[in-house]
$ cat input08.cif   # mmCIF, N, CA and C atoms
data_protein
#
loop_
_atom_site.label_atom_id
_atom_site.label_comp_id
_atom_site.auth_asym_id
_atom_site.auth_seq_id
_atom_site.Cartn_x
_atom_site.Cartn_y
_atom_site.Cartn_z
N MET X 1 4.15 -5.10 23.96
CA MET X 1 2.92 -5.71 24.39
C MET X 1 2.11 -6.17 23.18
N GLU X 2 1.56 -7.34 23.24
CA GLU X 2 0.83 -7.92 22.13
C GLU X 2 -0.41 -7.14 21.74
N ASN X 3 -1.13 -6.58 22.72
CA ASN X 3 -2.39 -5.89 22.43
C ASN X 3 -2.23 -4.39 22.23
N THR X 4 -1.01 -3.91 22.22
CA THR X 4 -0.78 -2.48 22.03
C THR X 4 -1.06 -2.10 20.58
N ILE X 5 -1.74 -0.99 20.42
CA ILE X 5 -2.00 -0.44 19.09
C ILE X 5 -1.24 0.88 18.99
N VAL X 6 -0.43 1.00 17.95
CA VAL X 6 0.35 2.21 17.71
C VAL X 6 -0.15 2.83 16.42
N ARG X 7 -0.47 4.12 16.47
CA ARG X 7 -0.92 4.84 15.28
C ARG X 7 0.12 5.90 14.93
N GLN X 8 0.44 6.00 13.64
CA GLN X 8 1.41 6.99 13.19
C GLN X 8 0.78 7.81 12.06
N GLN X 9 1.22 9.06 11.98
CA GLN X 9 0.68 10.00 11.01
C GLN X 9 -0.86 10.01 11.09
N THR X 10 -1.32 10.29 12.31
CA THR X 10 -2.75 10.24 12.59
C THR X 10 -3.39 11.61 12.47
N GLY X 11 -4.51 11.65 11.78
CA GLY X 11 -5.31 12.86 11.67
C GLY X 11 -6.69 12.58 12.22
N GLN X 12 -7.60 13.50 12.04
CA GLN X 12 -8.96 13.33 12.53
C GLN X 12 -9.67 12.16 11.86
N ARG X 13 -9.44 12.00 10.56
CA ARG X 13 -10.17 11.00 9.78
C ARG X 13 -9.50 9.63 9.78
N MET X 14 -8.16 9.59 9.76
CA MET X 14 -7.48 8.31 9.64
C MET X 14 -6.02 8.41 10.00
N SER X 15 -5.40 7.26 10.19
CA SER X 15 -3.96 7.15 10.40
C SER X 15 -3.37 6.56 9.12
N GLN X 16 -2.18 6.97 8.77
CA GLN X 16 -1.50 6.38 7.62
C GLN X 16 -0.95 4.99 7.96
N ILE X 17 -0.59 4.80 9.25
CA ILE X 17 -0.03 3.53 9.71
C ILE X 17 -0.71 3.15 11.02
N VAL X 18 -1.12 1.90 11.13
CA VAL X 18 -1.57 1.35 12.41
C VAL X 18 -0.82 0.04 12.61
N ILE X 19 -0.19 -0.09 13.77
CA ILE X 19 0.58 -1.29 14.10
C ILE X 19 -0.08 -1.97 15.29
N HIS X 20 -0.34 -3.26 15.13
CA HIS X 20 -0.90 -4.06 16.21
C HIS X 20 -0.03 -5.31 16.31
N GLY X 21 0.69 -5.45 17.42
CA GLY X 21 1.62 -6.56 17.54
C GLY X 21 2.69 -6.44 16.46
N ASP X 22 2.83 -7.48 15.66
CA ASP X 22 3.81 -7.48 14.58
C ASP X 22 3.18 -7.26 13.21
N THR X 23 1.93 -6.78 13.20
CA THR X 23 1.23 -6.55 11.94
C THR X 23 1.09 -5.05 11.70
N ILE X 24 1.41 -4.64 10.48
CA ILE X 24 1.38 -3.24 10.07
C ILE X 24 0.29 -3.07 9.01
N TYR X 25 -0.61 -2.15 9.27
CA TYR X 25 -1.70 -1.84 8.34
C TYR X 25 -1.46 -0.43 7.79
N LEU X 26 -1.45 -0.31 6.47
CA LEU X 26 -1.28 1.00 5.85
C LEU X 26 -2.61 1.47 5.27
N ALA X 27 -2.83 2.77 5.36
CA ALA X 27 -3.99 3.38 4.71
C ALA X 27 -3.82 3.27 3.20
N GLY X 28 -4.90 3.40 2.48
CA GLY X 28 -4.82 3.39 1.02
C GLY X 28 -3.95 4.53 0.53
N GLN X 29 -3.07 4.21 -0.40
CA GLN X 29 -2.15 5.20 -0.97
C GLN X 29 -2.57 5.50 -2.40
N VAL X 30 -2.54 6.78 -2.75
CA VAL X 30 -2.87 7.22 -4.10
C VAL X 30 -1.70 8.01 -4.66
N GLY X 31 -1.72 8.18 -5.97
CA GLY X 31 -0.65 8.94 -6.62
C GLY X 31 -1.06 10.37 -6.87
N ARG X 32 -0.21 11.09 -7.58
CA ARG X 32 -0.51 12.47 -7.93
C ARG X 32 -1.73 12.51 -8.85
N PRO X 33 -2.71 13.32 -8.49
CA PRO X 33 -3.92 13.40 -9.31
C PRO X 33 -3.61 13.75 -10.76
N GLY X 34 -4.26 13.07 -11.68
CA GLY X 34 -4.12 13.40 -13.09
C GLY X 34 -3.00 12.66 -13.80
N GLY X 35 -2.12 12.00 -13.06
CA GLY X 35 -1.04 11.24 -13.69
C GLY X 35 -1.57 10.00 -14.39
N SER X 36 -0.74 9.38 -15.21
CA SER X 36 -1.13 8.14 -15.86
C SER X 36 -1.28 7.04 -14.81
N VAL X 37 -1.86 5.94 -15.19
CA VAL X 37 -2.00 4.80 -14.28
C VAL X 37 -0.62 4.33 -13.82
N ALA X 38 0.34 4.25 -14.74
CA ALA X 38 1.69 3.84 -14.39
C ALA X 38 2.32 4.82 -13.40
N GLU X 39 2.17 6.12 -13.65
CA GLU X 39 2.74 7.12 -12.74
C GLU X 39 2.09 7.06 -11.37
N GLN X 40 0.78 6.94 -11.34
CA GLN X 40 0.09 6.87 -10.05
C GLN X 40 0.46 5.59 -9.30
N THR X 41 0.63 4.49 -10.02
CA THR X 41 1.06 3.24 -9.36
C THR X 41 2.45 3.42 -8.77
N GLN X 42 3.37 4.03 -9.51
CA GLN X 42 4.71 4.29 -9.00
C GLN X 42 4.66 5.16 -7.76
N ASP X 43 3.82 6.20 -7.77
CA ASP X 43 3.67 7.08 -6.60
C ASP X 43 3.16 6.28 -5.40
N CYS X 44 2.13 5.46 -5.62
CA CYS X 44 1.57 4.65 -4.52
C CYS X 44 2.65 3.76 -3.92
N LEU X 45 3.41 3.09 -4.76
CA LEU X 45 4.41 2.14 -4.28
C LEU X 45 5.56 2.86 -3.57
N ALA X 46 5.92 4.04 -4.03
CA ALA X 46 6.96 4.83 -3.34
C ALA X 46 6.46 5.24 -1.95
N SER X 47 5.20 5.65 -1.84
CA SER X 47 4.63 6.00 -0.54
C SER X 47 4.59 4.78 0.38
N ILE X 48 4.22 3.65 -0.16
CA ILE X 48 4.17 2.42 0.63
C ILE X 48 5.55 2.08 1.17
N GLU X 49 6.57 2.18 0.34
CA GLU X 49 7.94 1.88 0.81
C GLU X 49 8.34 2.79 1.97
N LYS X 50 8.04 4.08 1.85
CA LYS X 50 8.38 5.04 2.92
C LYS X 50 7.63 4.71 4.21
N LEU X 51 6.34 4.41 4.08
CA LEU X 51 5.54 4.08 5.26
C LEU X 51 6.01 2.78 5.92
N LEU X 52 6.33 1.79 5.11
CA LEU X 52 6.83 0.53 5.67
C LEU X 52 8.13 0.76 6.43
N GLU X 53 9.02 1.57 5.87
CA GLU X 53 10.27 1.88 6.56
C GLU X 53 9.99 2.58 7.89
N GLU X 54 9.10 3.55 7.88
CA GLU X 54 8.74 4.27 9.11
C GLU X 54 8.16 3.31 10.16
N ALA X 55 7.44 2.30 9.69
CA ALA X 55 6.79 1.35 10.60
C ALA X 55 7.71 0.20 11.02
N GLY X 56 8.91 0.15 10.46
CA GLY X 56 9.85 -0.91 10.82
C GLY X 56 9.72 -2.16 9.97
N SER X 57 9.46 -1.96 8.68
CA SER X 57 9.33 -3.11 7.79
C SER X 57 9.85 -2.75 6.41
N ASP X 58 9.59 -3.62 5.46
CA ASP X 58 9.99 -3.40 4.07
C ASP X 58 9.14 -4.28 3.17
N LYS X 59 9.35 -4.15 1.87
CA LYS X 59 8.47 -4.87 0.95
C LYS X 59 8.72 -6.37 0.92
N GLN X 60 9.79 -6.85 1.53
CA GLN X 60 9.99 -8.29 1.67
C GLN X 60 9.07 -8.90 2.73
N HIS X 61 8.39 -8.05 3.51
CA HIS X 61 7.51 -8.51 4.59
C HIS X 61 6.03 -8.23 4.31
N MET X 62 5.69 -7.98 3.04
CA MET X 62 4.29 -7.72 2.68
C MET X 62 3.47 -8.99 2.91
N LEU X 63 2.26 -8.80 3.42
CA LEU X 63 1.34 -9.92 3.64
C LEU X 63 0.19 -9.89 2.64
N GLN X 64 -0.43 -8.72 2.48
CA GLN X 64 -1.62 -8.63 1.66
C GLN X 64 -1.72 -7.25 1.02
N ALA X 65 -2.17 -7.23 -0.22
CA ALA X 65 -2.41 -5.97 -0.92
C ALA X 65 -3.81 -5.99 -1.52
N THR X 66 -4.48 -4.85 -1.42
CA THR X 66 -5.76 -4.65 -2.10
C THR X 66 -5.56 -3.46 -3.02
N ILE X 67 -5.83 -3.66 -4.28
CA ILE X 67 -5.63 -2.62 -5.29
C ILE X 67 -6.98 -2.27 -5.89
N TRP X 68 -7.29 -0.97 -5.87
CA TRP X 68 -8.51 -0.47 -6.50
C TRP X 68 -8.11 0.32 -7.74
N LEU X 69 -8.74 0.02 -8.84
CA LEU X 69 -8.54 0.75 -10.08
C LEU X 69 -9.85 1.45 -10.45
N ALA X 70 -9.75 2.66 -10.96
CA ALA X 70 -10.95 3.36 -11.41
C ALA X 70 -11.55 2.62 -12.61
N SER X 71 -10.70 1.92 -13.36
CA SER X 71 -11.17 1.13 -14.50
C SER X 71 -10.31 -0.12 -14.63
N MET X 72 -10.95 -1.28 -14.73
CA MET X 72 -10.19 -2.52 -14.92
C MET X 72 -9.50 -2.54 -16.28
N ASP X 73 -9.84 -1.60 -17.16
CA ASP X 73 -9.12 -1.48 -18.42
C ASP X 73 -7.65 -1.15 -18.18
N ASP X 74 -7.34 -0.63 -16.99
CA ASP X 74 -5.97 -0.23 -16.65
C ASP X 74 -5.18 -1.32 -15.93
N PHE X 75 -5.75 -2.51 -15.83
CA PHE X 75 -5.14 -3.62 -15.09
C PHE X 75 -3.72 -3.93 -15.59
N ASP X 76 -3.53 -4.05 -16.88
CA ASP X 76 -2.21 -4.39 -17.43
C ASP X 76 -1.19 -3.28 -17.18
N GLU X 77 -1.62 -2.03 -17.33
CA GLU X 77 -0.69 -0.91 -17.10
C GLU X 77 -0.24 -0.86 -15.65
N MET X 78 -1.18 -1.05 -14.72
CA MET X 78 -0.82 -1.07 -13.30
C MET X 78 0.12 -2.24 -13.02
N ASN X 79 -0.21 -3.43 -13.55
CA ASN X 79 0.62 -4.61 -13.30
C ASN X 79 2.03 -4.48 -13.88
N SER X 80 2.19 -3.71 -14.94
CA SER X 80 3.53 -3.53 -15.52
C SER X 80 4.47 -2.86 -14.52
N VAL X 81 3.92 -2.00 -13.66
CA VAL X 81 4.70 -1.33 -12.62
C VAL X 81 4.80 -2.23 -11.39
N TRP X 82 3.67 -2.79 -10.97
CA TRP X 82 3.62 -3.66 -9.78
C TRP X 82 4.61 -4.82 -9.91
N ASP X 83 4.59 -5.50 -11.05
CA ASP X 83 5.41 -6.71 -11.23
C ASP X 83 6.91 -6.41 -11.13
N LYS X 84 7.33 -5.23 -11.56
CA LYS X 84 8.74 -4.84 -11.44
C LYS X 84 9.11 -4.48 -10.01
N TRP X 85 8.13 -4.02 -9.23
CA TRP X 85 8.37 -3.53 -7.87
C TRP X 85 8.42 -4.64 -6.84
N VAL X 86 7.59 -5.67 -6.99
CA VAL X 86 7.50 -6.74 -5.99
C VAL X 86 8.77 -7.59 -6.06
N PRO X 87 9.45 -7.76 -4.89
CA PRO X 87 10.65 -8.58 -4.89
C PRO X 87 10.32 -10.04 -5.21
N GLU X 88 11.14 -10.65 -6.05
CA GLU X 88 10.90 -12.04 -6.42
C GLU X 88 10.83 -12.92 -5.18
N GLY X 89 9.80 -13.74 -5.13
CA GLY X 89 9.61 -14.65 -4.01
C GLY X 89 8.91 -14.02 -2.81
N HIS X 90 8.53 -12.74 -2.89
CA HIS X 90 7.91 -12.04 -1.76
C HIS X 90 6.56 -11.42 -2.12
N ALA X 91 5.88 -11.97 -3.12
CA ALA X 91 4.58 -11.42 -3.51
C ALA X 91 3.56 -11.66 -2.39
N PRO X 92 2.81 -10.62 -2.04
CA PRO X 92 1.76 -10.78 -1.02
C PRO X 92 0.52 -11.45 -1.63
N THR X 93 -0.42 -11.84 -0.78
CA THR X 93 -1.73 -12.17 -1.33
C THR X 93 -2.27 -10.86 -1.90
N ARG X 94 -3.14 -10.96 -2.88
CA ARG X 94 -3.56 -9.73 -3.54
C ARG X 94 -4.95 -9.85 -4.12
N ALA X 95 -5.68 -8.76 -4.07
CA ALA X 95 -6.95 -8.63 -4.76
C ALA X 95 -6.92 -7.32 -5.53
N CYS X 96 -7.58 -7.30 -6.67
CA CYS X 96 -7.65 -6.08 -7.46
C CYS X 96 -9.07 -5.97 -8.00
N GLY X 97 -9.65 -4.80 -7.82
CA GLY X 97 -11.00 -4.60 -8.30
C GLY X 97 -11.20 -3.18 -8.82
N GLU X 98 -12.37 -2.95 -9.37
CA GLU X 98 -12.72 -1.64 -9.89
C GLU X 98 -13.61 -0.93 -8.88
N ALA X 99 -13.30 0.34 -8.66
CA ALA X 99 -14.10 1.14 -7.72
C ALA X 99 -14.05 2.61 -8.13
N ARG X 100 -15.08 3.32 -7.76
CA ARG X 100 -15.04 4.77 -7.93
C ARG X 100 -14.18 5.31 -6.80
N LEU X 101 -13.08 5.96 -7.14
CA LEU X 101 -12.16 6.47 -6.13
C LEU X 101 -12.59 7.87 -5.68
N ALA X 102 -11.85 8.44 -4.72
CA ALA X 102 -12.26 9.70 -4.07
C ALA X 102 -12.54 10.83 -5.06
N THR X 103 -11.75 10.93 -6.10
CA THR X 103 -12.00 11.92 -7.15
C THR X 103 -11.70 11.27 -8.50
N PRO X 104 -12.24 11.79 -9.58
CA PRO X 104 -11.96 11.22 -10.91
C PRO X 104 -10.48 11.32 -11.31
N ASP X 105 -9.72 12.18 -10.62
CA ASP X 105 -8.29 12.31 -10.93
C ASP X 105 -7.47 11.13 -10.43
N TYR X 106 -8.02 10.33 -9.52
CA TYR X 106 -7.32 9.16 -9.01
C TYR X 106 -7.69 7.95 -9.84
N LYS X 107 -6.67 7.21 -10.25
CA LYS X 107 -6.89 6.02 -11.08
C LYS X 107 -6.51 4.74 -10.35
N VAL X 108 -5.69 4.87 -9.29
CA VAL X 108 -5.18 3.70 -8.55
C VAL X 108 -5.14 4.03 -7.07
N GLU X 109 -5.54 3.06 -6.24
CA GLU X 109 -5.34 3.15 -4.79
C GLU X 109 -4.88 1.78 -4.31
N ILE X 110 -3.83 1.77 -3.49
CA ILE X 110 -3.28 0.51 -3.00
C ILE X 110 -3.27 0.52 -1.47
N ILE X 111 -3.83 -0.54 -0.89
CA ILE X 111 -3.88 -0.73 0.56
C ILE X 111 -3.00 -1.94 0.87
N LEU X 112 -2.14 -1.82 1.87
CA LEU X 112 -1.19 -2.90 2.14
C LEU X 112 -1.12 -3.24 3.62
N THR X 113 -0.94 -4.53 3.88
CA THR X 113 -0.69 -5.03 5.23
C THR X 113 0.65 -5.76 5.18
N ALA X 114 1.46 -5.58 6.21
CA ALA X 114 2.78 -6.21 6.25
C ALA X 114 3.12 -6.67 7.66
N ALA X 115 4.13 -7.49 7.75
CA ALA X 115 4.65 -7.92 9.05
C ALA X 115 5.83 -7.03 9.41
N ARG X 116 6.03 -6.84 10.69
CA ARG X 116 7.18 -6.09 11.16
C ARG X 116 8.44 -6.91 10.85
N SER X 117 9.51 -6.23 10.49
CA SER X 117 10.78 -6.91 10.26
C SER X 117 11.31 -7.46 11.57
N LYS X 118 11.98 -8.57 11.51
CA LYS X 118 12.56 -9.18 12.72
C LYS X 118 13.49 -8.21 13.42
N GLY X 119 13.38 -8.17 14.72
CA GLY X 119 14.28 -7.33 15.52
C GLY X 119 13.86 -5.89 15.64
N THR X 120 12.75 -5.50 15.02
CA THR X 120 12.28 -4.13 15.11
C THR X 120 11.49 -3.96 16.41
N PRO X 121 11.86 -2.99 17.24
CA PRO X 121 11.12 -2.80 18.50
C PRO X 121 9.69 -2.35 18.25
N ALA X 122 8.80 -2.75 19.14
CA ALA X 122 7.38 -2.40 19.03
C ALA X 122 7.16 -0.93 19.34
#
$ encode --input "input08.cif" --output "structure tokens"
Amino acid sequence: MENTIVRQQTGQRMSQIVIHGDTIYLAGQVGRPGGSVAEQTQDCLASIEKLLEEAGSDKQHMLQATIWLASMDDFDEMNSVWDKWVPEGHAPTRACGEARLATPDYKVEIILTAARSKGTPA
């Protein structure tokens, strides 16, 4: 059904995945507290891959990414990991900004929206 909303890994405060039609919305993903920007980016992207798989998609179906950095000084370090991870020809639209994250131990948070892979049941 087009108007059906499916929530996965839902808690009191939020769901990790919300699916509406063929669009998949992921909650912001963070890495292990205290890790380097590169390590936290790798953690975020690994979590995103797992969530996309659970939702019936993959990184070839990314639509949009929003990346929050605790400091824009870390932009190049984050991009060094991001650029290797994004499949060639499948880069989503993207925004990146600086924000105070949930705790000072977090340096990166990535929010992603994707399309469901073809043939995946709703």
$ closest_residue --input "input08.cif" --among "X:Cys44, X:Val37, X:Met72, X:Leu51" --to "Lys107 of chain X" --atoms "only C-alpha atoms"
X:Val37
$ resolve_selection --input "input08.cif" --expression "the PyMOL selection byres (((chain X and resi 112 and name CA) around 8) and name CA)" --output "MDAnalysis selection string"
chainID X and resid 25:28 48 62:66 110:111 113:114
$ closest_residue --input "input08.cif" --among "X:Ser117, X:Asp74, X:Gln60, X:Ala46" --to "Pro92 of chain X" --atoms "only C-alpha atoms"
X:Gln60
$ select_by_dssp --input "input08.cif" --residues "segment 6-40 of chain X" --states "strand (DSSP E or B)" --output "list in words"
Val6, Arg7, Gln8, Gln9, Thr10, Ser15, Gln16, Ile17, Val18, Ile19, His20, Thr23, Ile24, Tyr25, Leu26, Gln29 and Val30 of chain X
$ residues_around --input "input08.cif" --residues "Gly34 of chain X" --least-positions-apart "2" --cutoff "6 Å" --atoms "all atoms listed in the file" --output "PyMOL selection string"
chain X and resi 32+36+105-106
$ atom_distance --input "input08.cif" --atom1 "atom N of Val108 of chain X" --atom2 "atom N of Asp83 of chain X"
14.7 Å
$ resolve_selection --input "input08.cif" --expression "the PyMOL selection byres ((chain X and resi 21) around 5)" --output "mmCIF file with N, CA and C atoms, keeping the file's coordinate frame"
data_model
loop_
_atom_site.group_PDB
_atom_site.id
_atom_site.type_symbol
_atom_site.label_atom_id
_atom_site.label_comp_id
_atom_site.auth_asym_id
_atom_site.auth_seq_id
_atom_site.Cartn_x
_atom_site.Cartn_y
_atom_site.Cartn_z
ATOM 1 N N GLU X 2 1.560 -7.340 23.240
ATOM 2 C CA GLU X 2 0.830 -7.920 22.130
ATOM 3 C C GLU X 2 -0.410 -7.140 21.740
ATOM 4 N N THR X 4 -1.010 -3.910 22.220
ATOM 5 C CA THR X 4 -0.780 -2.480 22.030
ATOM 6 C C THR X 4 -1.060 -2.100 20.580
ATOM 7 N N ILE X 19 -0.190 -0.090 13.770
ATOM 8 C CA ILE X 19 0.580 -1.290 14.100
ATOM 9 C C ILE X 19 -0.080 -1.970 15.290
ATOM 10 N N HIS X 20 -0.340 -3.260 15.130
ATOM 11 C CA HIS X 20 -0.900 -4.060 16.210
ATOM 12 C C HIS X 20 -0.030 -5.310 16.310
ATOM 13 N N ASP X 22 2.830 -7.480 15.660
ATOM 14 C CA ASP X 22 3.810 -7.480 14.580
ATOM 15 C C ASP X 22 3.180 -7.260 13.210
ATOM 16 N N THR X 23 1.930 -6.780 13.200
ATOM 17 C CA THR X 23 1.230 -6.550 11.940
ATOM 18 C C THR X 23 1.090 -5.050 11.700
#
$ atom_distance --input "input08.cif" --atom1 "atom CA of Gln29 of chain X" --atom2 "atom CA of Leu45 of chain X"
8.0 Å
$ atom_distance --input "input08.cif" --atom1 "atom N of Pro33 of chain X" --atom2 "atom C of Lys50 of chain X"
18.5 Å
$ resolve_selection --input "input08.cif" --expression "the PyMOL selection byres (((chain X and resi 41 and name CA) around 8) and name CA)" --output "MDAnalysis selection string"
chainID X and resid 30:31 37:40 42:45 78 81:82 108:109
$ closest_residue --input "input08.cif" --among "X:Leu52, X:Thr10, X:Ser47, X:Asp58" --to "Pro87 of chain X" --atoms "only C-alpha atoms"
X:Asp58
